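> Structure: run.cif, mmCIF, C-alpha atoms.
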```cif
data_upload
loop_
_atom_site.group_PDB
_atom_site.id
_atom_site.type_symbol
_atom_site.label_atom_id
_atom_site.label_comp_id
_atom_site.auth_asym_id
_atom_site.auth_seq_id
_atom_site.Cartn_x
_atom_site.Cartn_y
_atom_site.Cartn_z
ATOM 1 C CA GLU A 1 52.822 33.306 -95.083
ATOM 2 C CA THR A 2 50.726 36.418 -95.441
ATOM 3 C CA THR A 3 47.680 37.272 -93.371
ATOM 4 C CA THR A 4 45.499 36.889 -96.483
ATOM 5 C CA ASN A 5 46.766 33.343 -97.053
ATOM 6 C CA LYS A 6 46.141 32.421 -93.398
ATOM 7 C CA SER A 7 42.601 33.809 -93.439
ATOM 8 C CA SER A 8 41.763 32.044 -96.715
ATOM 9 C CA MET A 9 43.122 28.769 -95.264
ATOM 10 C CA GLN A 10 40.958 29.261 -92.179
ATOM 11 C CA GLY A 11 37.968 29.919 -94.445
ATOM 12 C CA GLU A 12 38.667 26.703 -96.358
ATOM 13 C CA GLU A 13 38.958 24.829 -93.061
ATOM 14 C CA PHE A 14 35.513 26.059 -91.998
ATOM 15 C CA LEU A 15 34.022 25.089 -95.357
ATOM 16 C CA LEU A 16 35.495 21.587 -95.051
ATOM 17 C CA GLN A 17 34.107 21.260 -91.529
ATOM 18 C CA GLU A 18 30.664 22.410 -92.718
ATOM 19 C CA GLU A 19 30.789 19.854 -95.547
ATOM 20 C CA ARG A 20 31.899 17.036 -93.207
ATOM 21 C CA ASP A 21 29.373 17.719 -90.418
ATOM 22 C CA GLY A 22 26.403 19.231 -92.272
ATOM 23 C CA VAL A 23 26.378 22.163 -89.820
ATOM 24 C CA ARG A 24 26.796 25.870 -90.516
ATOM 25 C CA LEU A 25 27.221 28.216 -87.566
ATOM 26 C CA SER A 26 26.772 31.971 -87.563
ATOM 27 C CA TRP A 27 30.082 32.233 -85.650
ATOM 28 C CA ASN A 28 33.259 30.218 -86.025
ATOM 29 C CA VAL A 29 34.464 30.993 -82.490
ATOM 30 C CA TRP A 30 32.418 30.507 -79.319
ATOM 31 C CA PRO A 31 32.626 33.437 -76.850
ATOM 32 C CA SER A 32 35.183 32.610 -74.159
ATOM 33 C CA SER A 33 33.662 34.751 -71.404
ATOM 34 C CA ARG A 34 30.354 36.258 -70.321
ATOM 35 C CA LEU A 35 31.674 39.682 -71.281
ATOM 36 C CA GLU A 36 32.429 38.517 -74.840
ATOM 37 C CA ALA A 37 28.969 36.920 -75.008
ATOM 38 C CA THR A 38 27.311 40.246 -74.129
ATOM 39 C CA ARG A 39 29.219 42.012 -76.919
ATOM 40 C CA ILE A 40 27.988 39.722 -79.702
ATOM 41 C CA VAL A 41 25.873 41.659 -82.181
ATOM 42 C CA VAL A 42 24.817 38.739 -84.388
ATOM 43 C CA PRO A 43 23.031 35.975 -82.424
ATOM 44 C CA ILE A 44 24.655 32.556 -82.255
ATOM 45 C CA GLY A 45 22.743 30.301 -84.599
ATOM 46 C CA CYS A 46 23.112 27.011 -86.408
ATOM 47 C CA LEU A 47 21.793 25.470 -89.637
ATOM 48 C CA TYR A 48 21.825 21.682 -89.306
ATOM 49 C CA THR A 49 21.207 19.021 -91.965
ATOM 50 C CA PRO A 50 19.240 16.232 -90.237
ATOM 51 C CA LEU A 51 19.782 12.582 -91.215
ATOM 52 C CA ARG A 52 22.971 13.465 -93.090
ATOM 53 C CA PRO A 53 25.062 10.282 -93.464
ATOM 54 C CA ILE A 54 28.194 10.418 -91.319
ATOM 55 C CA MET A 55 31.177 8.771 -92.997
ATOM 56 C CA HIS A 56 33.383 8.335 -89.940
ATOM 57 C CA PRO A 57 33.608 7.194 -87.225
ATOM 58 C CA PRO A 58 31.120 4.322 -87.290
ATOM 59 C CA PRO A 59 28.257 4.661 -84.772
ATOM 60 C CA LEU A 60 29.555 4.429 -81.218
ATOM 61 C CA GLY A 61 28.026 1.449 -79.423
ATOM 62 C CA TYR A 62 27.702 3.078 -76.014
ATOM 63 C CA ASP A 63 25.876 5.921 -74.299
ATOM 64 C CA PRO A 64 27.421 9.404 -74.473
ATOM 65 C CA ILE A 65 29.275 10.971 -71.537
ATOM 66 C CA ARG A 66 27.304 14.006 -70.285
ATOM 67 C CA CYS A 67 28.328 17.097 -68.333
ATOM 68 C CA ASN A 68 27.026 17.080 -64.763
ATOM 69 C CA GLY A 69 26.351 20.826 -64.954
ATOM 70 C CA CYS A 70 24.411 21.318 -68.186
ATOM 71 C CA GLY A 71 24.049 17.906 -69.878
ATOM 72 C CA ALA A 72 26.281 18.746 -72.868
ATOM 73 C CA LEU A 73 28.164 15.801 -74.373
ATOM 74 C CA LEU A 74 31.881 15.097 -74.235
ATOM 75 C CA ASN A 75 33.358 16.516 -77.464
ATOM 76 C CA PRO A 76 36.656 17.614 -79.061
ATOM 77 C CA TYR A 77 36.211 21.162 -77.707
ATOM 78 C CA CYS A 78 36.362 20.008 -74.068
ATOM 79 C CA GLN A 79 39.560 20.659 -72.157
ATOM 80 C CA VAL A 80 40.947 17.445 -70.692
ATOM 81 C CA ASP A 81 43.301 17.048 -67.736
ATOM 82 C CA TYR A 82 44.884 13.638 -68.375
ATOM 83 C CA ARG A 83 46.657 13.573 -65.011
ATOM 84 C CA THR A 84 43.528 14.037 -62.863
ATOM 85 C CA LYS A 85 41.185 12.384 -65.424
ATOM 86 C CA LEU A 86 38.841 15.404 -65.503
ATOM 87 C CA TRP A 87 37.251 17.228 -68.421
ATOM 88 C CA SER A 88 35.848 20.765 -68.565
ATOM 89 C CA CYS A 89 32.618 21.528 -70.385
ATOM 90 C CA PRO A 90 33.058 24.344 -72.943
ATOM 91 C CA PHE A 91 29.456 25.501 -72.381
ATOM 92 C CA CYS A 92 29.124 25.812 -68.591
ATOM 93 C CA LEU A 93 32.813 25.365 -67.607
ATOM 94 C CA SER A 94 31.944 22.586 -65.112
ATOM 95 C CA ARG A 95 34.697 20.097 -64.331
ATOM 96 C CA ASN A 96 33.609 16.479 -64.710
ATOM 97 C CA HIS A 97 35.188 13.121 -63.818
ATOM 98 C CA PHE A 98 35.553 10.527 -66.542
ATOM 99 C CA PRO A 99 33.719 7.262 -65.847
ATOM 100 C CA PRO A 100 36.082 4.479 -64.671
ATOM 101 C CA HIS A 101 36.160 2.683 -68.047
ATOM 102 C CA TYR A 102 37.359 5.936 -69.690
ATOM 103 C CA ALA A 103 39.736 6.984 -66.901
ATOM 104 C CA GLU A 104 41.603 3.657 -67.004
ATOM 105 C CA ASN A 105 42.665 4.027 -70.638
ATOM 106 C CA ILE A 106 42.576 7.701 -71.610
ATOM 107 C CA THR A 107 45.895 9.384 -72.458
ATOM 108 C CA GLU A 108 46.968 12.130 -74.844
ATOM 109 C CA THR A 109 47.746 9.451 -77.429
ATOM 110 C CA ASN A 110 44.804 7.119 -76.655
ATOM 111 C CA LEU A 111 41.629 9.174 -77.041
ATOM 112 C CA PRO A 112 38.027 8.010 -77.228
ATOM 113 C CA ALA A 113 36.302 8.887 -80.504
ATOM 114 C CA GLU A 114 34.443 11.815 -78.885
ATOM 115 C CA LEU A 115 37.722 13.663 -78.262
ATOM 116 C CA ILE A 116 39.380 13.159 -81.655
ATOM 117 C CA PRO A 117 39.440 16.615 -83.349
ATOM 118 C CA GLN A 118 38.263 15.287 -86.756
ATOM 119 C CA PHE A 119 35.171 13.694 -85.171
ATOM 120 C CA THR A 120 33.200 16.829 -84.355
ATOM 121 C CA THR A 121 30.025 14.918 -85.218
ATOM 122 C CA VAL A 122 29.505 11.394 -83.903
ATOM 123 C CA GLU A 123 26.521 9.083 -83.863
ATOM 124 C CA TYR A 124 25.615 6.934 -80.853
ATOM 125 C CA GLU A 125 23.751 3.644 -80.754
ATOM 126 C CA LEU A 126 21.995 4.123 -77.427
ATOM 127 C CA GLN A 127 21.967 1.024 -75.265
ATOM 128 C CA GLY A 128 18.692 -0.351 -73.895
ATOM 129 C CA ARG A 129 16.440 2.143 -75.649
ATOM 130 C CA SER A 130 14.061 1.488 -78.480
ATOM 131 C CA GLY A 131 14.415 3.818 -81.419
ATOM 132 C CA GLY A 132 11.442 5.929 -82.339
ATOM 133 C CA SER A 133 10.643 7.986 -85.357
ATOM 134 C CA PRO A 134 12.861 10.992 -86.011
ATOM 135 C CA VAL A 135 11.567 14.328 -84.765
ATOM 136 C CA PHE A 136 11.992 17.465 -86.865
ATOM 137 C CA ILE A 137 11.613 20.985 -85.529
ATOM 138 C CA PHE A 138 11.018 23.806 -87.967
ATOM 139 C CA CYS A 139 11.878 27.265 -86.744
ATOM 140 C CA ILE A 140 10.513 30.053 -88.924
ATOM 141 C CA ASP A 141 11.698 33.631 -88.616
ATOM 142 C CA THR A 142 8.492 35.668 -88.838
ATOM 143 C CA CYS A 143 10.373 38.969 -89.096
ATOM 144 C CA LEU A 144 10.170 38.827 -92.878
ATOM 145 C CA PRO A 145 8.598 41.143 -95.413
ATOM 146 C CA GLU A 146 4.907 40.309 -95.828
ATOM 147 C CA ASN A 147 5.303 38.944 -99.383
ATOM 148 C CA GLU A 148 8.024 36.485 -98.282
ATOM 149 C CA LEU A 149 5.945 35.401 -95.297
ATOM 150 C CA ASP A 150 2.991 34.731 -97.634
ATOM 151 C CA GLU A 151 5.195 32.337 -99.633
ATOM 152 C CA LEU A 152 5.521 30.142 -96.536
ATOM 153 C CA LYS A 153 1.773 29.680 -96.198
#
```
Mind turning this structure into structure tokens?


Amino acid sequence: ETTTNKSSMQGEEFLLQEERDGVRLSWNVWPSSRLEATRIVVPIGCLYTPLRPIMHPPPLGYDPIRCNGCGALLNPYCQVDYRTKLWSCPFCLSRNHFPPHYAENITETNLPAELIPQFTTVEYELQGRSGGSPVFIFCIDTCLPENELDELK
């Protein structure tokens, strides 16, 4: 396989992921160290499609597992140590214990939905909380030419 074929396959993979999740990132690879993060020229950004229907998995009927360090959710990008039943957060690198109901059953072949690589977007049905109206945040880049900024008004 040539390098061109590999890069076009990777490009197709990213397009499929964007189509599946409704998310487009400015980078396809998260910086793996603080040094790499300081060398990024283009800021890390995300375009997200709110209320996009998610085809699979069905909504998860339990609360998400959060990182003790930063509050990020358990996801397919977390590193998992199946022997010690710990997971590492990809954002703050904190090591976290799985709750007992996860630790009892988790193996490399028996993963919860949050860790399955195809389920990069999951929906939770939060237990014991009443649902409110959705909240939308609009972020507008004001560093535009004056005529384009006028079109927003």

> Just how far from CA of Asn75 in chain A is CA of Pro58 in chain A, in Å to one decimal?

15.8 Å

> Wanna dump the range 39-121 of chain A-range 136-149 of chain A contacts at 12 Å for me, each residue with its shortest atom pair and the distance in Å to one decimal, counting all atoms listed in the file, ordered by chain and number, as CSV?


```
residue,atom,partner,partner_atom,distance
A:Gly45,CA,A:Cys139,CA,11.5
A:Cys46,CA,A:Cys139,CA,11.2
A:Leu47,CA,A:Cys139,CA,10.5
A:Tyr48,CA,A:Ile137,CA,10.9
A:Thr49,CA,A:Phe136,CA,10.6
A:Pro50,CA,A:Phe136,CA,8.1
A:Leu51,CA,A:Phe136,CA,10.2
```

> When the PyMOL selection byres ((chain A and resi 97) around 8) is applied to the structure above, which residues does it catch, written out as a PyMOL selection string?

chain A and resi 85-87+95-96+98-99

> Pull out every residue that the PyMOL selection byres ((chain A and resi 94) around 8) matches in the shown coordinates and put them as a ChimeraX atom specification.

/A:67-69,88-89,92-93,95-96

> Using all atoms listed in the file, which of the listed residues (A:Tyr82, A:Pro117, A:Leu60, A:Pro53) sits closest to Asn105 in chain A?

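With all atoms listed in the file as the atom set, the closest residue is A:Tyr82.
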
> Can you tell me which residues surround Tyr124 in chain A at a distance of at most 9 Å, considering only C-alpha atoms, apart from same-chain residues fewer than 4 positions away, and format the answer as a PyMOL selection string?

chain A and resi 58-64

> Here's the selection I'm unsure about, the PyMOL selection byres ((chain A and resi 113) around 10); applied to the file above, which residues does it give, as a PDB file with C-alpha atoms, in the coordinates of the input?


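Dumped everything to result_6.pdb:
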```pdb
ATOM      1  CA  HIS A  56      33.383   8.335 -89.940  1.00  0.00           C
ATOM      2  CA  PRO A  57      33.608   7.194 -87.225  1.00  0.00           C
ATOM      3  CA  PRO A  58      31.120   4.322 -87.290  1.00  0.00           C
ATOM      4  CA  LEU A  60      29.555   4.429 -81.218  1.00  0.00           C
ATOM      5  CA  LEU A  74      31.881  15.097 -74.235  1.00  0.00           C
ATOM      6  CA  ASN A  75      33.358  16.516 -77.464  1.00  0.00           C
ATOM      7  CA  PRO A  76      36.656  17.614 -79.061  1.00  0.00           C
ATOM      8  CA  ASN A 110      44.804   7.119 -76.655  1.00  0.00           C
ATOM      9  CA  LEU A 111      41.629   9.174 -77.041  1.00  0.00           C
ATOM     10  CA  PRO A 112      38.027   8.010 -77.228  1.00  0.00           C
ATOM     11  CA  GLU A 114      34.443  11.815 -78.885  1.00  0.00           C
ATOM     12  CA  LEU A 115      37.722  13.663 -78.262  1.00  0.00           C
ATOM     13  CA  ILE A 116      39.380  13.159 -81.655  1.00  0.00           C
ATOM     14  CA  PRO A 117      39.440  16.615 -83.349  1.00  0.00           C
ATOM     15  CA  GLN A 118      38.263  15.287 -86.756  1.00  0.00           C
ATOM     16  CA  PHE A 119      35.171  13.694 -85.171  1.00  0.00           C
ATOM     17  CA  THR A 120      33.200  16.829 -84.355  1.00  0.00           C
ATOM     18  CA  THR A 121      30.025  14.918 -85.218  1.00  0.00           C
ATOM     19  CA  VAL A 122      29.505  11.394 -83.903  1.00  0.00           C
TER      20      VAL A 122
END
```

> Using Å and a single decimal, report how far CA of Ser26 in chain A sits from CA of Val42 in chain A.

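Separation between CA of Val42 in chain A and CA of Ser26 in chain A: 7.7 Å.
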
> What separation in Å, quoted to one decimal, exists between CA of Leu73 in chain A and CA of Leu126 in chain A?

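Straight-line distance from CA of Leu73 in chain A to CA of Leu126 in chain A works out to 13.6 Å.
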
> Which residue gives the smallest distance to Phe91 in chain A among A:Thr107, A:Ser133, A:Ile40, A:Ser33, with all atoms listed in the file counted?

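Result for the nearest residue to Phe91 in chain A: A:Ser33.
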
> So, counting only C-alpha atoms, which residue among A:Pro31, A:Ile54, A:Ile65, A:Arg20 is closest to Tyr102 in chain A?

A:Ile65

> Using all atoms listed in the file, which residue out of A:Pro43, A:Pro100, A:Glu123, A:Cys70 lies closest to Asp21 in chain A?

A:Glu123

> Find the smallest box with edges along x, y and z containing every listed atom of range 87-91 of chain A, then add 8 Å on each side and report centre and edge lengths in Å to one decimal, as AutoDock Vina command-line options.


```
--center_x 33.4 --center_y 21.4 --center_z -70.7 --size_x 23.8 --size_y 24.3 --size_z 20.5
```
